[in-house]
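**Q** Following this message is one structure expressed as structure tokens.
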Amino acid sequence: MNISYDYVMSESLKVESKKFAQKKHLSDKQPSCKCYNNATILPLKEDYREEKNGKWGKGGVVDSQGNFVQESAYTGDWVSQGGLYEYSTVVSKMDKEVVYIGCISSHYGHFLVDCTTKLWALLKLKKDITVAYTGDRKISGNEKRIIELLGVKNENLLHVDKPMSFKKVFVPEQGAKPGVWYTKEYAAVFKLIQENIDNSVSHFDDFNRKVYFTRTGYSDAKKKEVGESTLEKVFLNNGFEIHHPEKMDLIKMMELVNAASVVVCINGTIPLNMIFSSNKNLKLVVLNKTDVYHRNLEYFAEICNLNIEYVDVYNKFKGNDLGLGPFFVTVTDELKRYLFSNNMTLPNNFNSIKYKDYFIFILLKINRLIRNKLRPIKVRFKEFLSNTK
């Protein structure tokens with residue numbers, strides 16, 4: 001792993017990165033996978049009282065004696081999920097063996113970081129075992145593709161949306177605590193996915209493609225990010241292909257990445273996908289939309305030995321986090337230095353000041369302030385509705 005901060009302003013960000021690099025994250029821990037007879041899986045139940053503490057809600061596995069199986073819970077660095085709640089003892093019963101992989105988040109970034117820690121068990125158990133999970137929806141898209149790349153067929157995926165009892169439930173411990181530690185079993189998951197992708201994609205003799213992954217077509221980004229269309233034009237002018245990752249199947253995305261010499265993208269979820277690439281010569285350029293340190297990215301970079309070069313593209317309107325925003329990105333002095341150092345140019349008659357972008361950013365800022373004020377009221381209302389059911 002090699003990290004470059006030549007085009008970064010924040011000294012605190014560099015200090016955080018140095019602290020992270022000095023720690024050992026690969027653990028000698030060997031996660032267990034215990035089997036429980038006649039156990040029950042409880043679906044996700046939101047717990048609004050705990051939302052302020054970063055909890056996703058309750059649910060998980062209950063043994064035949066009615067005790068909650070603690071290994072079925074998830075404990076992350078900032079979020080947790082799992083716990084017993086009252087339910088009818090008359091539940092649906094299925095005469096089959098299943099492995100419980102936890103609660104699956106509907107947010108793809110959280111799926112990558114928080115919902116992959118139990119997948120290591122799929123490499124150990126028989127291939128035709130039913131894979132059970134909870135969450136607010138059935139798994140789909142690239143989340144489903146990732147599970148498939150571990151050898152799980154679609155007919156063996158089971159979304160538990162009501163309490164269900166099974167002949168046997170295998171409950172794996174976490175193979176990692178994202179951003180803090182990981183085991184060789186956890187790393188093996190991504191290694192296998194890389195290998196299976198390589199067996200599925202076309203291969204190229206050269207690695208000269210230059211790729212820019214944009215968020216401009218992503219509906220959620222339009223609600224909180226301004227200015228990336230300007231960055232698109234800059235990189236398009238320098239021979240980069242522009243692609244929308246949210247519209248791409250993971251295999252096709254990695255086929256593109258594995259044939260690239262350089263990939264450029266905004267910091268956030270997109271660069272996390274590079275953990276599935278087997279391109280050891282890849283140069284990943286991550287554009288910082290704020291000065292908040294993204295530990296999970298460097299955590300993933302350590303696991304897959306990724307080379308990252310950071311470039312600041314935020315102005316004085318920097319966000320206070322990596323997710324909520326709003327964010328304003330533009331052609332900064334740091335980006336100009338990066339371009340010129342790599343023999344790239346700005347388009348003719350280029351003007352990085354877009355007054356329309358400033359106006360949109362102000363509207364997004366006002367919208368965020370209003371939503372923050374209304375959020376406690378919304379939480380209390382949801383809690384009231386939950387208690388009246």
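By convention in this document, the chains of the structure tokens carry letters A, B, ... by their order, each chain's residues are numbered from 1, and ligands are numbered from 1 in the order they are shown.
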What's the 8 Å shell around range 54-70 of chain A, counting only C-alpha atoms, without same-chain residues fewer than 2 positions away, as a PyMOL selection string?
**A** chain A and resi 36-48+50-52+72-73+78-85+102-103+134+171
**Q** Please return, as a VMD selection string, all residues of range 69-160 of chain A that DSSP assigns to strand (DSSP E) on the basis of the backbone.
**A** chain A and resid 74 to 75 80 to 81 92 to 103 130 to 134 157 to 159
**Q** Would you write out those residues with N, CA and C atoms, as a short mmCIF file (atom, residue, chain, number, x, y, z; two decimals), in the first residue's frame?
**A**
```cif
data_model
loop_
_atom_site.label_atom_id
_atom_site.label_comp_id
_atom_site.auth_asym_id
_atom_site.auth_seq_id
_atom_site.Cartn_x
_atom_site.Cartn_y
_atom_site.Cartn_z
N TYR A 74 -24.10 -7.43 15.07
CA TYR A 74 -22.98 -6.77 14.41
C TYR A 74 -22.53 -5.60 15.26
N THR A 75 -21.22 -5.52 15.50
CA THR A 75 -20.65 -4.40 16.23
C THR A 75 -19.57 -3.77 15.38
N SER A 80 -24.05 -0.37 15.16
CA SER A 80 -24.26 -1.73 15.63
C SER A 80 -25.67 -2.16 15.27
N GLN A 81 -25.90 -3.47 15.29
CA GLN A 81 -27.22 -4.00 14.98
C GLN A 81 -27.39 -5.34 15.68
N SER A 92 -43.07 -19.31 11.74
CA SER A 92 -42.94 -20.20 10.60
C SER A 92 -41.75 -21.12 10.83
N LYS A 93 -41.87 -22.38 10.43
CA LYS A 93 -40.78 -23.33 10.61
C LYS A 93 -40.37 -23.92 9.26
N MET A 94 -39.06 -24.04 9.07
CA MET A 94 -38.53 -24.64 7.85
C MET A 94 -37.56 -25.74 8.22
N ASP A 95 -37.73 -26.89 7.61
CA ASP A 95 -36.89 -28.05 7.91
C ASP A 95 -35.64 -28.01 7.03
N LYS A 96 -34.78 -27.03 7.31
CA LYS A 96 -33.56 -26.91 6.52
C LYS A 96 -32.45 -26.26 7.34
N GLU A 97 -31.23 -26.39 6.81
CA GLU A 97 -30.07 -25.77 7.43
C GLU A 97 -29.77 -24.45 6.73
N VAL A 98 -29.47 -23.42 7.51
CA VAL A 98 -29.15 -22.12 6.94
C VAL A 98 -27.91 -21.54 7.63
N VAL A 99 -27.26 -20.62 6.94
CA VAL A 99 -26.19 -19.84 7.56
C VAL A 99 -26.67 -18.40 7.60
N TYR A 100 -26.56 -17.76 8.75
CA TYR A 100 -27.04 -16.40 8.94
C TYR A 100 -25.89 -15.41 8.71
N ILE A 101 -26.03 -14.53 7.71
CA ILE A 101 -24.94 -13.58 7.40
C ILE A 101 -25.24 -12.18 7.91
N GLY A 102 -26.34 -12.02 8.64
CA GLY A 102 -26.58 -10.74 9.29
C GLY A 102 -27.60 -9.87 8.59
N CYS A 103 -27.64 -8.61 9.03
CA CYS A 103 -28.54 -7.61 8.47
C CYS A 103 -27.86 -6.94 7.28
N THR A 130 -28.49 -22.87 2.42
CA THR A 130 -29.30 -21.66 2.28
C THR A 130 -28.65 -20.53 3.06
N VAL A 131 -28.56 -19.37 2.43
CA VAL A 131 -27.95 -18.19 3.05
C VAL A 131 -29.06 -17.24 3.48
N ALA A 132 -29.25 -17.09 4.78
CA ALA A 132 -30.33 -16.27 5.32
C ALA A 132 -29.80 -14.91 5.78
N TYR A 133 -30.60 -13.90 5.58
CA TYR A 133 -30.22 -12.54 5.99
C TYR A 133 -31.48 -11.76 6.33
N THR A 134 -31.31 -10.67 7.06
CA THR A 134 -32.42 -9.77 7.36
C THR A 134 -32.11 -8.41 6.74
N LEU A 157 -30.66 -17.96 -1.64
CA LEU A 157 -30.71 -16.74 -0.84
C LEU A 157 -32.10 -16.60 -0.22
N LEU A 158 -32.14 -16.35 1.08
CA LEU A 158 -33.42 -16.25 1.79
C LEU A 158 -33.48 -14.97 2.61
N HIS A 159 -34.41 -14.10 2.25
CA HIS A 159 -34.65 -12.87 3.01
C HIS A 159 -35.66 -13.17 4.11
#
```
**Q** Determine, counting only C-alpha atoms, which protein, DNA and RNA residues have an atom within 9 Å of an atom of Val189 in chain A; residues of the same chain fewer than 3 positions away are not included. Present the result as a PDB file with all heavy atoms, in the first residue's frame.
**A**
```pdb
ATOM      1  N   THR A 116     -20.219  -7.218   5.219  1.00  0.00           N
ATOM      2  CA  THR A 116     -19.424  -8.290   4.609  1.00  0.00           C
ATOM      3  C   THR A 116     -18.610  -9.064   5.652  1.00  0.00           C
ATOM      4  O   THR A 116     -17.864  -9.972   5.280  1.00  0.00           O
ATOM      5  CB  THR A 116     -18.465  -7.708   3.557  1.00  0.00           C
ATOM      6  OG1 THR A 116     -17.656  -6.685   4.162  1.00  0.00           O
ATOM      7  CG2 THR A 116     -19.220  -7.118   2.379  1.00  0.00           C
ATOM      8  N   LEU A 119     -19.287 -12.958   5.777  1.00  0.00           N
ATOM      9  CA  LEU A 119     -19.304 -13.705   4.517  1.00  0.00           C
ATOM     10  C   LEU A 119     -18.216 -14.769   4.442  1.00  0.00           C
ATOM     11  O   LEU A 119     -18.299 -15.682   3.613  1.00  0.00           O
ATOM     12  CB  LEU A 119     -19.166 -12.745   3.331  1.00  0.00           C
ATOM     13  CG  LEU A 119     -20.284 -11.716   3.144  1.00  0.00           C
ATOM     14  CD1 LEU A 119     -20.060 -10.919   1.866  1.00  0.00           C
ATOM     15  CD2 LEU A 119     -21.658 -12.387   3.123  1.00  0.00           C
ATOM     16  N   TRP A 120     -17.213 -14.686   5.290  1.00  0.00           N
ATOM     17  CA  TRP A 120     -16.127 -15.655   5.268  1.00  0.00           C
ATOM     18  C   TRP A 120     -16.640 -17.079   5.471  1.00  0.00           C
ATOM     19  O   TRP A 120     -16.050 -18.050   4.971  1.00  0.00           O
ATOM     20  CB  TRP A 120     -15.088 -15.332   6.353  1.00  0.00           C
ATOM     21  CG  TRP A 120     -15.607 -15.456   7.748  1.00  0.00           C
ATOM     22  CD1 TRP A 120     -16.184 -14.470   8.508  1.00  0.00           C
ATOM     23  CD2 TRP A 120     -15.637 -16.644   8.560  1.00  0.00           C
ATOM     24  NE1 TRP A 120     -16.564 -14.958   9.730  1.00  0.00           N
ATOM     25  CE2 TRP A 120     -16.236 -16.292   9.802  1.00  0.00           C
ATOM     26  CE3 TRP A 120     -15.207 -17.950   8.371  1.00  0.00           C
ATOM     27  CZ2 TRP A 120     -16.421 -17.208  10.825  1.00  0.00           C
ATOM     28  CZ3 TRP A 120     -15.392 -18.871   9.394  1.00  0.00           C
ATOM     29  CH2 TRP A 120     -15.993 -18.501  10.603  1.00  0.00           C
ATOM     30  N   LEU A 122     -19.110 -18.468   4.154  1.00  0.00           N
ATOM     31  CA  LEU A 122     -19.570 -19.057   2.900  1.00  0.00           C
ATOM     32  C   LEU A 122     -18.454 -19.821   2.200  1.00  0.00           C
ATOM     33  O   LEU A 122     -18.715 -20.670   1.344  1.00  0.00           O
ATOM     34  CB  LEU A 122     -20.111 -17.963   1.972  1.00  0.00           C
ATOM     35  CG  LEU A 122     -21.265 -17.120   2.525  1.00  0.00           C
ATOM     36  CD1 LEU A 122     -21.722 -16.110   1.496  1.00  0.00           C
ATOM     37  CD2 LEU A 122     -22.426 -17.997   2.975  1.00  0.00           C
ATOM     38  N   LEU A 123     -17.205 -19.536   2.569  1.00  0.00           N
ATOM     39  CA  LEU A 123     -16.059 -20.248   1.992  1.00  0.00           C
ATOM     40  C   LEU A 123     -15.814 -21.563   2.717  1.00  0.00           C
ATOM     41  O   LEU A 123     -15.092 -22.422   2.206  1.00  0.00           O
ATOM     42  CB  LEU A 123     -14.796 -19.388   2.060  1.00  0.00           C
ATOM     43  CG  LEU A 123     -14.617 -18.281   1.012  1.00  0.00           C
ATOM     44  CD1 LEU A 123     -15.712 -17.248   1.071  1.00  0.00           C
ATOM     45  CD2 LEU A 123     -13.260 -17.607   1.187  1.00  0.00           C
ATOM     46  N   LEU A 150     -19.320 -15.494  -4.597  1.00  0.00           N
ATOM     47  CA  LEU A 150     -18.810 -16.395  -3.558  1.00  0.00           C
ATOM     48  C   LEU A 150     -19.401 -17.800  -3.715  1.00  0.00           C
ATOM     49  O   LEU A 150     -19.204 -18.665  -2.858  1.00  0.00           O
ATOM     50  CB  LEU A 150     -19.125 -15.839  -2.173  1.00  0.00           C
ATOM     51  CG  LEU A 150     -18.380 -14.545  -1.812  1.00  0.00           C
ATOM     52  CD1 LEU A 150     -18.899 -13.980  -0.491  1.00  0.00           C
ATOM     53  CD2 LEU A 150     -16.882 -14.788  -1.731  1.00  0.00           C
ATOM     54  N   LYS A 184      -7.512 -13.102   8.349  1.00  0.00           N
ATOM     55  CA  LYS A 184      -7.169 -13.654   7.039  1.00  0.00           C
ATOM     56  C   LYS A 184      -8.403 -14.271   6.384  1.00  0.00           C
ATOM     57  O   LYS A 184      -8.506 -14.302   5.143  1.00  0.00           O
ATOM     58  CB  LYS A 184      -6.044 -14.678   7.154  1.00  0.00           C
ATOM     59  CG  LYS A 184      -6.349 -15.935   7.947  1.00  0.00           C
ATOM     60  CD  LYS A 184      -5.136 -16.855   7.979  1.00  0.00           C
ATOM     61  CE  LYS A 184      -5.441 -18.224   8.581  1.00  0.00           C
ATOM     62  NZ  LYS A 184      -5.940 -18.152   9.945  1.00  0.00           N
ATOM     63  N   GLU A 185      -9.364 -14.747   7.197  1.00  0.00           N
ATOM     64  CA  GLU A 185     -10.608 -15.291   6.654  1.00  0.00           C
ATOM     65  C   GLU A 185     -11.412 -14.196   5.946  1.00  0.00           C
ATOM     66  O   GLU A 185     -12.008 -14.437   4.886  1.00  0.00           O
ATOM     67  CB  GLU A 185     -11.448 -15.900   7.787  1.00  0.00           C
ATOM     68  CG  GLU A 185     -10.926 -17.223   8.321  1.00  0.00           C
ATOM     69  CD  GLU A 185      -9.820 -17.071   9.346  1.00  0.00           C
ATOM     70  OE1 GLU A 185      -9.461 -15.911   9.686  1.00  0.00           O
ATOM     71  OE2 GLU A 185      -9.302 -18.099   9.817  1.00  0.00           O
ATOM     72  N   TYR A 186     -11.410 -13.008   6.536  1.00  0.00           N
ATOM     73  CA  TYR A 186     -12.111 -11.872   5.930  1.00  0.00           C
ATOM     74  C   TYR A 186     -11.439 -11.465   4.619  1.00  0.00           C
ATOM     75  O   TYR A 186     -12.111 -11.264   3.597  1.00  0.00           O
ATOM     76  CB  TYR A 186     -12.110 -10.704   6.910  1.00  0.00           C
ATOM     77  CG  TYR A 186     -12.742  -9.433   6.407  1.00  0.00           C
ATOM     78  CD1 TYR A 186     -14.122  -9.313   6.318  1.00  0.00           C
ATOM     79  CD2 TYR A 186     -11.956  -8.346   6.055  1.00  0.00           C
ATOM     80  CE1 TYR A 186     -14.712  -8.137   5.875  1.00  0.00           C
ATOM     81  CE2 TYR A 186     -12.536  -7.164   5.610  1.00  0.00           C
ATOM     82  CZ  TYR A 186     -13.910  -7.064   5.519  1.00  0.00           C
ATOM     83  OH  TYR A 186     -14.484  -5.897   5.079  1.00  0.00           O
ATOM     84  N   LEU A 192     -11.107 -14.264  -3.213  1.00  0.00           N
ATOM     85  CA  LEU A 192     -11.903 -15.194  -4.019  1.00  0.00           C
ATOM     86  C   LEU A 192     -12.757 -14.442  -5.031  1.00  0.00           C
ATOM     87  O   LEU A 192     -12.875 -14.875  -6.190  1.00  0.00           O
ATOM     88  CB  LEU A 192     -12.791 -16.046  -3.108  1.00  0.00           C
ATOM     89  CG  LEU A 192     -13.708 -17.051  -3.828  1.00  0.00           C
ATOM     90  CD1 LEU A 192     -12.887 -18.038  -4.655  1.00  0.00           C
ATOM     91  CD2 LEU A 192     -14.591 -17.785  -2.831  1.00  0.00           C
ATOM     92  N   ILE A 193     -13.341 -13.334  -4.620  1.00  0.00           N
ATOM     93  CA  ILE A 193     -14.153 -12.540  -5.545  1.00  0.00           C
ATOM     94  C   ILE A 193     -13.291 -12.016  -6.687  1.00  0.00           C
ATOM     95  O   ILE A 193     -13.695 -12.051  -7.863  1.00  0.00           O
ATOM     96  CB  ILE A 193     -14.851 -11.387  -4.800  1.00  0.00           C
ATOM     97  CG1 ILE A 193     -15.895 -11.943  -3.831  1.00  0.00           C
ATOM     98  CG2 ILE A 193     -15.510 -10.425  -5.784  1.00  0.00           C
ATOM     99  CD1 ILE A 193     -16.539 -10.914  -2.942  1.00  0.00           C
ATOM    100  N   GLN A 194     -12.086 -11.538  -6.384  1.00  0.00           N
ATOM    101  CA  GLN A 194     -11.159 -11.095  -7.427  1.00  0.00           C
ATOM    102  C   GLN A 194     -10.900 -12.215  -8.427  1.00  0.00           C
ATOM    103  O   GLN A 194     -10.937 -12.001  -9.646  1.00  0.00           O
ATOM    104  CB  GLN A 194      -9.833 -10.644  -6.811  1.00  0.00           C
ATOM    105  CG  GLN A 194      -9.872  -9.329  -6.073  1.00  0.00           C
ATOM    106  CD  GLN A 194      -8.510  -8.978  -5.473  1.00  0.00           C
ATOM    107  OE1 GLN A 194      -7.533  -9.682  -5.680  1.00  0.00           O
ATOM    108  NE2 GLN A 194      -8.457  -7.885  -4.726  1.00  0.00           N
TER     109      GLN A 194
END
```
**Q** Where does DSSP see helix (DSSP H, G or I) in range 17-156 of chain A, if you list the residues as an MDAnalysis selection string?
**A** chainID A and resid 17:22 48:53 70:72 108:114 119:123 141:148 154:156
**Q** Which residues of range 144-187 of chain A have any atom within 6 Å of an atom in range 15-31 of chain A when counting only C-alpha atoms, and what is the closest pair of atoms for each, with the distance in Å to one decimal? Order the rows by chain and rising number and write it as JSON lines.
**A**
```
{"residue": "A:Glu173", "atom": "CA", "partner": "A:Pro31", "partner_atom": "CA", "distance": 5.5}
{"residue": "A:Gly175", "atom": "CA", "partner": "A:Pro31", "partner_atom": "CA", "distance": 5.8}
{"residue": "A:Trp181", "atom": "CA", "partner": "A:His25", "partner_atom": "CA", "distance": 4.4}
{"residue": "A:Tyr182", "atom": "CA", "partner": "A:Leu26", "partner_atom": "CA", "distance": 5.1}
{"residue": "A:Thr183", "atom": "CA", "partner": "A:Ser27", "partner_atom": "CA", "distance": 5.1}
```
**Q** For a quick check of understanding, using only C-alpha atoms, which of A:Ala121, A:Ile197, A:Leu335, A:Ile147 has the smallest distance to Lys252 in chain A?
**A**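 Among the listed residues, A:Ile197 lies closest to Lys252 in chain A.
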**Q** Write out as a VMD selection string which residues come within 10 Å of Gly109 in chain A when counting only C-alpha atoms, dropping same-chain ones fewer than 5 positions away.
**A** chain A and resid 114 to 115 143 268 to 270 272 to 273
**Q** Applying 12 Å and only C-alpha atoms, which residues near Glu246 in chain A remain after dropping the ones on its own chain fewer than 4 positions away? List them as number ranges by chain.
**A** A: 107-109, 141-143, 213-221, 250, 252-253, 269-270, 273
**Q** For each of A:Asn208, A:Asn367, A:Asn296, A:Asn342, take the minimum atom-to-atom distance to Gly179 in chain A, counting only C-alpha atoms, then give the residue where this is smallest.
**A**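 Selected residue with least distance to Gly179 in chain A: A:Asn296.
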